[in-house]
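Participant: My structure is stored as model-v7.pdb, with PDB, C-alpha atoms and all ligand atoms.
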ATOM      1  CA  MET A 973      30.815 -16.731  -7.411  1.00  0.00           C
ATOM      2  CA  LYS A 974      30.689 -13.378  -5.682  1.00  0.00           C
ATOM      3  CA  CYS A 975      33.415 -11.054  -6.929  1.00  0.00           C
ATOM      4  CA  PHE A 976      34.064  -7.939  -4.862  1.00  0.00           C
ATOM      5  CA  TYR A 977      35.891  -5.315  -6.852  1.00  0.00           C
ATOM      6  CA  ASP A 978      37.121  -1.782  -6.591  1.00  0.00           C
ATOM      7  CA  THR A 979      38.603   0.606  -9.109  1.00  0.00           C
ATOM      8  CA  GLU A 980      40.533   3.825  -8.826  1.00  0.00           C
ATOM      9  CA  PHE A 981      39.974   6.134 -11.751  1.00  0.00           C
ATOM     10  CA  HIS A 982      40.335   9.646 -13.100  1.00  0.00           C
ATOM     11  CA  ASP A 983      36.892  11.190 -13.437  1.00  0.00           C
ATOM     12  CA  ASP A 984      36.712  14.578 -15.135  1.00  0.00           C
ATOM     13  CA  GLY A 985      32.941  14.651 -15.564  1.00  0.00           C
ATOM     14  CA  ASN A 986      33.168  13.353 -19.123  1.00  0.00           C
ATOM     15  CA  THR A 987      35.409  10.321 -19.081  1.00  0.00           C
ATOM     16  CA  ILE A 988      36.342   7.701 -16.526  1.00  0.00           C
ATOM     17  CA  ASP A 989      39.972   6.719 -17.003  1.00  0.00           C
ATOM     18  CA  LEU A 990      40.885   3.498 -15.203  1.00  0.00           C
ATOM     19  CA  ILE A 991      43.932   3.758 -12.942  1.00  0.00           C
ATOM     20  CA  SER A 992      43.764   0.477 -11.056  1.00  0.00           C
ATOM     21  CA  ILE A 993      41.406  -2.431 -10.470  1.00  0.00           C
ATOM     22  CA  ALA A 994      41.277  -5.087  -7.778  1.00  0.00           C
ATOM     23  CA  ILE A 995      38.965  -8.081  -7.418  1.00  0.00           C
ATOM     24  CA  VAL A 996      38.570 -10.325  -4.385  1.00  0.00           C
ATOM     25  CA  ALA A 997      36.591 -13.473  -5.072  1.00  0.00           C
ATOM     26  CA  GLU A 998      34.486 -15.371  -2.597  1.00  0.00           C
ATOM     27  CA  ASP A 999      36.892 -18.330  -2.834  1.00  0.00           C
ATOM     28  CA  GLY A1000      39.829 -16.177  -1.732  1.00  0.00           C
ATOM     29  CA  ARG A1001      41.409 -15.493  -5.119  1.00  0.00           C
ATOM     30  CA  GLU A1002      42.633 -11.935  -5.625  1.00  0.00           C
ATOM     31  CA  TYR A1003      43.502  -9.868  -8.674  1.00  0.00           C
ATOM     32  CA  TYR A1004      45.161  -6.476  -8.866  1.00  0.00           C
ATOM     33  CA  ALA A1005      46.457  -4.423 -11.774  1.00  0.00           C
ATOM     34  CA  VAL A1006      47.462  -0.871 -12.597  1.00  0.00           C
ATOM     35  CA  ASN A1007      46.627   0.468 -16.038  1.00  0.00           C
ATOM     36  CA  ALA A1008      49.805   1.564 -17.846  1.00  0.00           C
ATOM     37  CA  ASP A1009      47.648   3.057 -20.619  1.00  0.00           C
ATOM     38  CA  ALA A1010      45.860   5.606 -18.422  1.00  0.00           C
ATOM     39  CA  ASP A1011      46.422   9.264 -19.285  1.00  0.00           C
ATOM     40  CA  TRP A1012      49.164   9.778 -16.708  1.00  0.00           C
ATOM     41  CA  ALA A1013      49.932  13.339 -17.797  1.00  0.00           C
ATOM     42  CA  ARG A1014      46.398  14.382 -16.884  1.00  0.00           C
ATOM     43  CA  ILE A1015      46.437  12.321 -13.696  1.00  0.00           C
ATOM     44  CA  ALA A1016      49.655  14.143 -12.685  1.00  0.00           C
ATOM     45  CA  GLU A1017      47.696  17.398 -12.773  1.00  0.00           C
ATOM     46  CA  HIS A1018      44.968  16.033 -10.499  1.00  0.00           C
ATOM     47  CA  GLN A1019      45.892  16.975  -6.963  1.00  0.00           C
ATOM     48  CA  TRP A1020      43.487  14.672  -5.155  1.00  0.00           C
ATOM     49  CA  LEU A1021      44.605  11.612  -7.150  1.00  0.00           C
ATOM     50  CA  MET A1022      48.273  12.549  -6.677  1.00  0.00           C
ATOM     51  CA  TRP A1023      47.780  12.735  -2.920  1.00  0.00           C
ATOM     52  CA  ASN A1024      45.392   9.864  -2.318  1.00  0.00           C
ATOM     53  CA  VAL A1025      45.796   7.266  -5.045  1.00  0.00           C
ATOM     54  CA  VAL A1026      49.123   7.512  -6.863  1.00  0.00           C
ATOM     55  CA  PRO A1027      51.381   7.171  -3.769  1.00  0.00           C
ATOM     56  CA  GLN A1028      49.863   3.739  -3.070  1.00  0.00           C
ATOM     57  CA  LEU A1029      50.522   2.289  -6.533  1.00  0.00           C
ATOM     58  CA  PRO A1030      53.225  -0.347  -7.078  1.00  0.00           C
ATOM     59  CA  PRO A1031      56.352   0.521  -9.118  1.00  0.00           C
ATOM     60  CA  MET A1032      55.772   1.409 -12.768  1.00  0.00           C
ATOM     61  CA  GLN A1033      57.414  -1.738 -14.120  1.00  0.00           C
ATOM     62  CA  ASP A1034      54.515  -3.726 -12.616  1.00  0.00           C
ATOM     63  CA  TRP A1035      51.822  -1.799 -14.495  1.00  0.00           C
ATOM     64  CA  LYS A1036      50.053  -3.571 -17.340  1.00  0.00           C
ATOM     65  CA  PRO A1037      48.632  -2.651 -20.767  1.00  0.00           C
ATOM     66  CA  LYS A1038      44.869  -2.218 -20.709  1.00  0.00           C
ATOM     67  CA  VAL A1039      44.276  -5.118 -23.132  1.00  0.00           C
ATOM     68  CA  GLN A1040      46.167  -7.460 -20.834  1.00  0.00           C
ATOM     69  CA  ILE A1041      44.098  -6.286 -17.853  1.00  0.00           C
ATOM     70  CA  ARG A1042      40.952  -6.784 -19.925  1.00  0.00           C
ATOM     71  CA  ASP A1043      41.839 -10.423 -20.683  1.00  0.00           C
ATOM     72  CA  GLU A1044      42.985 -11.189 -17.143  1.00  0.00           C
ATOM     73  CA  VAL A1045      39.895  -9.615 -15.579  1.00  0.00           C
ATOM     74  CA  ALA A1046      37.585 -11.594 -17.897  1.00  0.00           C
ATOM     75  CA  ALA A1047      39.388 -14.853 -17.066  1.00  0.00           C
ATOM     76  CA  PHE A1048      39.327 -14.064 -13.346  1.00  0.00           C
ATOM     77  CA  LEU A1049      35.618 -13.191 -13.288  1.00  0.00           C
ATOM     78  CA  LEU A1050      34.590 -16.154 -15.440  1.00  0.00           C
ATOM     79  CA  HIS A1051      36.536 -18.650 -13.303  1.00  0.00           C
ATOM     80  CA  ASP A1052      33.376 -20.650 -12.471  1.00  0.00           C
ATOM     81  CA  GLY A1053      31.231 -19.172 -15.249  1.00  0.00           C
ATOM     82  CA  HIS A1054      28.830 -17.390 -12.895  1.00  0.00           C
ATOM     83  CA  PRO A1055      30.285 -14.200 -11.468  1.00  0.00           C
ATOM     84  CA  GLU A1056      28.175 -11.950  -9.236  1.00  0.00           C
ATOM     85  CA  LEU A1057      29.591  -8.439  -9.178  1.00  0.00           C
ATOM     86  CA  TRP A1058      29.708  -6.359  -6.001  1.00  0.00           C
ATOM     87  CA  ALA A1059      31.167  -2.904  -5.413  1.00  0.00           C
ATOM     88  CA  ASP A1060      30.751  -0.028  -2.977  1.00  0.00           C
ATOM     89  CA  TYR A1061      29.144   3.092  -4.513  1.00  0.00           C
ATOM     90  CA  ALA A1062      29.163   0.808  -7.524  1.00  0.00           C
ATOM     91  CA  ALA A1063      28.059   3.034 -10.404  1.00  0.00           C
ATOM     92  CA  TYR A1064      31.449   4.426 -11.412  1.00  0.00           C
ATOM     93  CA  ASP A1065      33.224   1.131 -10.773  1.00  0.00           C
ATOM     94  CA  HIS A1066      30.808  -0.621 -13.103  1.00  0.00           C
ATOM     95  CA  VAL A1067      31.507   1.833 -15.926  1.00  0.00           C
ATOM     96  CA  ALA A1068      35.269   1.586 -15.364  1.00  0.00           C
ATOM     97  CA  LEU A1069      34.963  -2.205 -15.535  1.00  0.00           C
ATOM     98  CA  ALA A1070      32.675  -2.139 -18.589  1.00  0.00           C
ATOM     99  CA  GLN A1071      34.978   0.186 -20.490  1.00  0.00           C
ATOM    100  CA  LEU A1072      37.809  -2.318 -20.213  1.00  0.00           C
ATOM    101  CA  PHE A1073      35.872  -4.252 -22.831  1.00  0.00           C
ATOM    102  CA  GLY A1074      34.626  -1.312 -24.882  1.00  0.00           C
ATOM    103  CA  THR A1075      30.977  -0.317 -24.681  1.00  0.00           C
ATOM    104  CA  MET A1076      28.265  -1.907 -22.563  1.00  0.00           C
ATOM    105  CA  LEU A1077      27.493  -4.204 -25.492  1.00  0.00           C
ATOM    106  CA  HIS A1078      31.024  -5.602 -25.489  1.00  0.00           C
ATOM    107  CA  PHE A1079      30.747  -7.194 -22.040  1.00  0.00           C
ATOM    108  CA  PRO A1080      31.894 -10.817 -22.366  1.00  0.00           C
ATOM    109  CA  THR A1081      29.068 -13.351 -22.205  1.00  0.00           C
ATOM    110  CA  GLY A1082      28.589 -14.551 -18.647  1.00  0.00           C
ATOM    111  CA  ILE A1083      29.655 -11.339 -16.928  1.00  0.00           C
ATOM    112  CA  PRO A1084      26.552  -9.560 -15.593  1.00  0.00           C
ATOM    113  CA  MET A1085      25.821  -6.160 -17.122  1.00  0.00           C
ATOM    114  CA  TYR A1086      25.224  -4.722 -13.661  1.00  0.00           C
ATOM    115  CA  THR A1087      27.049  -4.487 -10.370  1.00  0.00           C
ATOM    116  CA  ASN A1088      25.335  -4.973  -7.020  1.00  0.00           C
ATOM    117  CA  ASP A1089      25.909  -2.049  -4.711  1.00  0.00           C
ATOM    118  CA  LEU A1090      26.806  -2.549  -1.050  1.00  0.00           C
ATOM    119  CA  ARG A1091      25.034   0.776  -0.412  1.00  0.00           C
ATOM    120  CA  SER A1092      21.682  -0.694  -1.524  1.00  0.00           C
ATOM    121  CA  LEU A1093      22.152  -3.578   0.887  1.00  0.00           C
ATOM    122  CA  LEU A1094      22.886  -1.208   3.771  1.00  0.00           C
ATOM    123  CA  ARG A1095      19.812   0.808   2.969  1.00  0.00           C
ATOM    124  CA  TRP A1096      17.547  -2.229   2.747  1.00  0.00           C
ATOM    125  CA  TYR A1097      18.654  -3.476   6.133  1.00  0.00           C
ATOM    126  CA  GLY A1098      18.728  -0.016   7.694  1.00  0.00           C
ATOM    127  CA  ILE A1099      22.372  -0.435   8.633  1.00  0.00           C
ATOM    128  CA  GLU A1100      24.133   2.900   8.934  1.00  0.00           C
ATOM    129  CA  ALA A1101      27.622   2.033  10.071  1.00  0.00           C
ATOM    130  CA  LEU A1102      30.209  -0.431   8.818  1.00  0.00           C
ATOM    131  CA  PRO A1103      33.421  -1.577  10.452  1.00  0.00           C
ATOM    132  CA  SER A1104      35.987   1.076   9.532  1.00  0.00           C
ATOM    133  CA  GLN A1105      38.774   0.343   7.094  1.00  0.00           C
ATOM    134  CA  LYS A1106      42.000   0.135   9.052  1.00  0.00           C
ATOM    135  CA  SER A1107      44.434   0.974   6.263  1.00  0.00           C
ATOM    136  CA  GLY A1108      44.959   1.429   2.551  1.00  0.00           C
ATOM    137  CA  LEU A1109      41.941   3.595   1.768  1.00  0.00           C
ATOM    138  CA  HIS A1110      41.960   4.282  -2.015  1.00  0.00           C
ATOM    139  CA  ASP A1111      44.290   1.365  -2.628  1.00  0.00           C
ATOM    140  CA  ALA A1112      42.006  -0.699  -4.880  1.00  0.00           C
ATOM    141  CA  LEU A1113      43.093  -4.048  -3.410  1.00  0.00           C
ATOM    142  CA  GLU A1114      42.692  -2.904   0.197  1.00  0.00           C
ATOM    143  CA  ASP A1115      39.335  -1.348  -0.710  1.00  0.00           C
ATOM    144  CA  ALA A1116      38.156  -4.576  -2.375  1.00  0.00           C
ATOM    145  CA  ARG A1117      39.211  -6.612   0.665  1.00  0.00           C
ATOM    146  CA  HIS A1118      37.362  -4.220   2.924  1.00  0.00           C
ATOM    147  CA  LEU A1119      34.318  -4.430   0.666  1.00  0.00           C
ATOM    148  CA  ARG A1120      34.277  -8.206   1.042  1.00  0.00           C
ATOM    149  CA  ALA A1121      34.613  -7.905   4.828  1.00  0.00           C
ATOM    150  CA  SER A1122      31.821  -5.312   4.895  1.00  0.00           C
ATOM    151  CA  PHE A1123      29.551  -7.552   2.818  1.00  0.00           C
ATOM    152  CA  GLU A1124      30.152 -10.438   5.212  1.00  0.00           C
ATOM    153  CA  TYR A1125      29.430  -8.161   8.171  1.00  0.00           C
ATOM    154  CA  VAL A1126      26.107  -7.102   6.641  1.00  0.00           C
ATOM    155  CA  MET A1127      25.153 -10.691   5.819  1.00  0.00           C
ATOM    156  CA  GLN A1128      25.946 -11.785   9.362  1.00  0.00           C
ATOM    157  CA  LEU A1129      23.785  -9.012  10.760  1.00  0.00           C
ATOM    158  CA  ALA A1130      21.036  -9.821   8.261  1.00  0.00           C
ATOM    159  CA  GLY A1131      21.176 -13.477   9.294  1.00  0.00           C
ATOM    160  CA  ARG A1132      20.771 -12.521  12.948  1.00  0.00           C
ATOM    161  CA  ILE A1133      17.858 -10.272  12.060  1.00  0.00           C
ATOM    162  CA  ARG A1134      16.157 -13.186  10.304  1.00  0.00           C
ATOM    163  CA  VAL A1135      16.851 -15.561  13.193  1.00  0.00           C
ATOM    164  CA  VAL A1136      15.389 -13.150  15.701  1.00  0.00           C
ATOM    165  CA  MET A1137      12.364 -12.425  13.537  1.00  0.00           C
ATOM    166  CA  GLY A1138      11.629 -16.155  13.331  1.00  0.00           C
ATOM    167  CA  SER A1139      12.451 -16.834  16.970  1.00  0.00           C
ATOM    168  CA  PRO A1140       9.804 -18.413  19.203  1.00  0.00           C
ATOM    169  CA  GLU A1141      10.964 -15.915  21.840  1.00  0.00           C
ATOM    170  CA  ILE A1142       9.138 -13.231  19.918  1.00  0.00           C
ATOM    171  CA  SER A1143       5.542 -14.075  19.361  1.00  0.00           C
ATOM    172  CA  VAL A1144       4.843 -10.876  17.558  1.00  0.00           C
ATOM    173  CA  GLU A1145       3.292 -11.348  14.181  1.00  0.00           C
ATOM    174  CA  LYS A1146       3.869  -7.731  13.388  1.00  0.00           C
ATOM    175  CA  LEU A1147       7.543  -8.475  12.984  1.00  0.00           C
ATOM    176  CA  ALA A1148       7.044 -11.547  10.888  1.00  0.00           C
ATOM    177  CA  ASP A1149       6.190  -9.738   7.680  1.00  0.00           C
ATOM    178  CA  SER A1150       9.662  -8.323   7.361  1.00  0.00           C
ATOM    179  CA  ARG A1151       8.861  -4.683   7.732  1.00  0.00           C
ATOM    180  CA  LEU A1152      12.587  -4.016   7.438  1.00  0.00           C
ATOM    181  CA  PHE A1153      12.148  -4.044   3.713  1.00  0.00           C
ATOM    182  CA  VAL A1154      10.294  -0.782   3.441  1.00  0.00           C
ATOM    183  CA  VAL A1155      10.612   0.746   0.008  1.00  0.00           C
ATOM    184  CA  PRO A1156      10.284   4.456  -0.722  1.00  0.00           C
ATOM    185  CA  ASP A1157       6.773   5.365  -1.667  1.00  0.00           C
ATOM    186  CA  PRO A1158       5.630   8.572  -3.348  1.00  0.00           C
ATOM    187  CA  ASP A1159       2.563   8.512  -1.108  1.00  0.00           C
ATOM    188  CA  HIS A1160       3.789  10.350   1.982  1.00  0.00           C
ATOM    189  CA  ASP A1161       0.954   9.194   4.219  1.00  0.00           C
ATOM    190  CA  ILE A1162       1.819   5.598   3.482  1.00  0.00           C
ATOM    191  CA  GLN A1163       5.437   6.359   4.368  1.00  0.00           C
ATOM    192  CA  LYS A1164       4.342   7.858   7.669  1.00  0.00           C
ATOM    193  CA  ALA A1165       2.180   4.835   8.395  1.00  0.00           C
ATOM    194  CA  LYS A1166       5.135   2.572   7.659  1.00  0.00           C
ATOM    195  CA  ALA A1167       7.327   4.587   9.983  1.00  0.00           C
ATOM    196  CA  ARG A1168       4.720   4.242  12.726  1.00  0.00           C
ATOM    197  CA  ALA A1169       4.490   0.486  12.143  1.00  0.00           C
ATOM    198  CA  LEU A1170       8.267   0.242  12.437  1.00  0.00           C
ATOM    199  CA  ASP A1171       8.187   2.260  15.658  1.00  0.00           C
ATOM    200  CA  GLU A1172       5.572  -0.098  17.063  1.00  0.00           C
ATOM    201  CA  ALA A1173       7.660  -3.111  16.145  1.00  0.00           C
ATOM    202  CA  ALA A1174      10.702  -1.545  17.812  1.00  0.00           C
ATOM    203  CA  ASP A1175       8.629  -0.737  20.922  1.00  0.00           C
ATOM    204  CA  VAL A1176       7.579  -4.374  21.173  1.00  0.00           C
ATOM    205  CA  LEU A1177      11.232  -5.401  21.041  1.00  0.00           C
ATOM    206  CA  ARG A1178      12.177  -2.787  23.654  1.00  0.00           C
ATOM    207  CA  ALA A1179       9.463  -4.140  25.969  1.00  0.00           C
ATOM    208  CA  ARG A1180      10.748  -7.683  25.533  1.00  0.00           C
ATOM    209  CA  ILE A1181      14.326  -6.566  26.254  1.00  0.00           C
ATOM    210  CA  ARG A1182      13.089  -4.870  29.456  1.00  0.00           C
ATOM    211  CA  GLU A1183      11.283  -8.053  30.462  1.00  0.00           C
ATOM    212  CA  ILE A1184      14.432 -10.089  29.917  1.00  0.00           C
ATOM    213  CA  ASP A1185      16.394  -7.615  32.029  1.00  0.00           C
ATOM    214  CA  GLN A1186      13.819  -7.754  34.844  1.00  0.00           C
ATOM    215  CA  GLU A1187      13.701 -11.538  34.797  1.00  0.00           C
ATOM    216  CA  ARG A1188      17.494 -11.496  35.264  1.00  0.00           C
ATOM    217  CA  THR A1189      17.502 -14.953  33.732  1.00  0.00           C
ATOM    218  CA  GLY A1190      19.489 -13.861  30.735  1.00  0.00           C
ATOM    219  CA  SER A1191      18.564 -14.875  27.233  1.00  0.00           C
ATOM    220  CA  TRP A1192      20.534 -15.880  24.204  1.00  0.00           C
ATOM    221  CA  ALA A1193      18.382 -13.529  22.192  1.00  0.00           C
ATOM    222  CA  ARG A1194      18.894 -10.332  24.205  1.00  0.00           C
ATOM    223  CA  ASN A1195      21.885  -8.993  22.265  1.00  0.00           C
ATOM    224  CA  ASP A1196      20.273  -9.830  18.960  1.00  0.00           C
ATOM    225  CA  LEU A1197      17.076  -8.094  20.039  1.00  0.00           C
ATOM    226  CA  VAL A1198      19.063  -4.963  20.842  1.00  0.00           C
ATOM    227  CA  ILE A1199      20.671  -5.006  17.400  1.00  0.00           C
ATOM    228  CA  VAL A1200      17.381  -5.597  15.627  1.00  0.00           C
ATOM    229  CA  GLU A1201      15.678  -2.849  17.623  1.00  0.00           C
ATOM    230  CA  LYS A1202      18.421  -0.449  16.549  1.00  0.00           C
ATOM    231  CA  VAL A1203      18.081  -1.493  12.921  1.00  0.00           C
ATOM    232  CA  ILE A1204      14.300  -1.070  12.982  1.00  0.00           C
ATOM    233  CA  ARG A1205      14.581   2.350  14.673  1.00  0.00           C
ATOM    234  CA  SER A1206      17.014   3.557  12.015  1.00  0.00           C
ATOM    235  CA  ARG A1207      14.719   2.142   9.312  1.00  0.00           C
ATOM    236  CA  ALA A1208      11.835   4.106  10.847  1.00  0.00           C
ATOM    237  CA  GLU A1209      13.965   7.266  10.876  1.00  0.00           C
ATOM    238  CA  ALA A1210      14.916   6.789   7.211  1.00  0.00           C
ATOM    239  CA  THR A1211      11.276   6.166   6.298  1.00  0.00           C
ATOM    240  CA  ARG A1212      10.239   9.336   8.140  1.00  0.00           C
ATOM    241  CA  ARG A1213      12.898  11.322   6.257  1.00  0.00           C
ATOM    242  CA  GLU A1214      11.477  10.040   2.965  1.00  0.00           C
ATOM    243  CA  ALA A1215       7.918  10.967   3.970  1.00  0.00           C
TER
HETATM  244 MG    MG B1301      38.802   2.574  -3.931  1.00  0.00          MG
END
Please render this file's structure as structure tokens.
Facilitator:
Amino acid sequence: MKCFYDTEFHDDGNTIDLISIAIVAEDGREYYAVNADADWARIAEHQWLMWNVVPQLPPMQDWKPKVQIRDEVAAFLLHDGHPELWADYAAYDHVALAQLFGTMLHFPTGIPMYTNDLRSLLRWYGIEALPSQKSGLHDALEDARHLRASFEYVMQLAGRIRVVMGSPEISVEKLADSRLFVVPDPDHDIQKAKARALDEAADVLRARIREIDQERTGSWARNDLVIVEKVIRSRAEATRREA
């Protein structure tokens, strides 16, 4: 079960002190808690947290001891025994989550010792923009809900990319080998060659879109082709930047 989570925390460069955690599961379940055991005196001295995070917290009587959050989070994540963790800019969230249980070695059995990062997914697909979050930025629950929505948006786009790549409307074998998944390579010439290959693939798509427009017959695939062309162009740009 995919579990999309977000934490707010106090980071001073040495410690990560959990303020709040929210989890939105694929099946619609939601969890949210504020850590009563955080170092609130230090948080009170942190201007950014006081402006951006603390005003959105529920009343103090609803906060919970860290051990209670630990047990509730474990039960929530292990609901079906197979959680898959997702977060946005996941590194700090993963540590905040892990430290609920102690050290990395204290992670309960069944909870993965890593968190998938939405950022990696965006990079792989060459997607640069996400739907913007309407409200509640830095409210862990609103952030987790937005994360889930963003993940679904990316998957939808990825699905359309796959459909178009496999479409009989495009008889271009060059596209078939999924050049979208270009990984960074220390060899700059190879990176440049990859960028050129991506450009060529995008040019082929552009030509097909022009043909469709000239035929004036319309095509179910036109809008998808435009999206895929954009994705491939941005992938080529990113590859060129790495070269
Ligand atoms: Mg957040």
Participant: Report, in Å to a single decimal, how far apart atom CA of A:Ala1063 and atom CA of A:Thr1075 are.
Facilitator: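 These atoms are spaced 15.0 Å apart.
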Participant: Given all atoms listed in the file as the basis, pick out the residue of A:Leu1129, A:Ala1101, A:Ala1116, A:Leu1177 nearest to ligand MG 1301 (chain B).
Facilitator: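 Distance minimum relative to ligand MG 1301 (chain B) lands on A:Ala1116.
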Participant: Suppose a student applies the PyMOL selection byres (((chain A and resi 975) around 9) and not hetatm) to this structure; what residues should they get, written as a PyMOL selection string?
Facilitator: chain A and resi 973-974+976-977+995-998+1049+1055-1059+1120
Participant: Let me make sure I understand: among A:Val1026, A:Leu1109, A:Leu1090, A:Val1200, which one has the smallest atom-to-atom distance to ligand MG 1301 (chain B) if we use all atoms listed in the file?
Facilitator: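 Distance minimum relative to ligand MG 1301 (chain B) lands on A:Leu1109.
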Participant: With distances taken over all atoms listed in the file, which residue among A:His1110, A:Arg1194, A:Arg1182, A:Lys1164 lies nearest ligand MG 1301 (chain B)?
Facilitator: A:His1110
Participant: Would you kindly translate the PyMOL selection byres (((not hetatm)) within 7 of (chain B and resi 1301)) into the concrete residues it picks from this file, as a list in words?
Facilitator: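 Selected by the PyMOL selection byres (((not hetatm)) within 7 of (chain B and resi 1301)) here: Asp978, Thr979, Glu980, Leu1109, His1110, Asp1111, Ala1112 and Asp1115 of chain A.
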Participant: Please measure the separation of atom CA of A:Tyr1064 and atom CA of A:Arg1213, giving the value in Å to one decimal.
Facilitator: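 The value is 26.5 Å.
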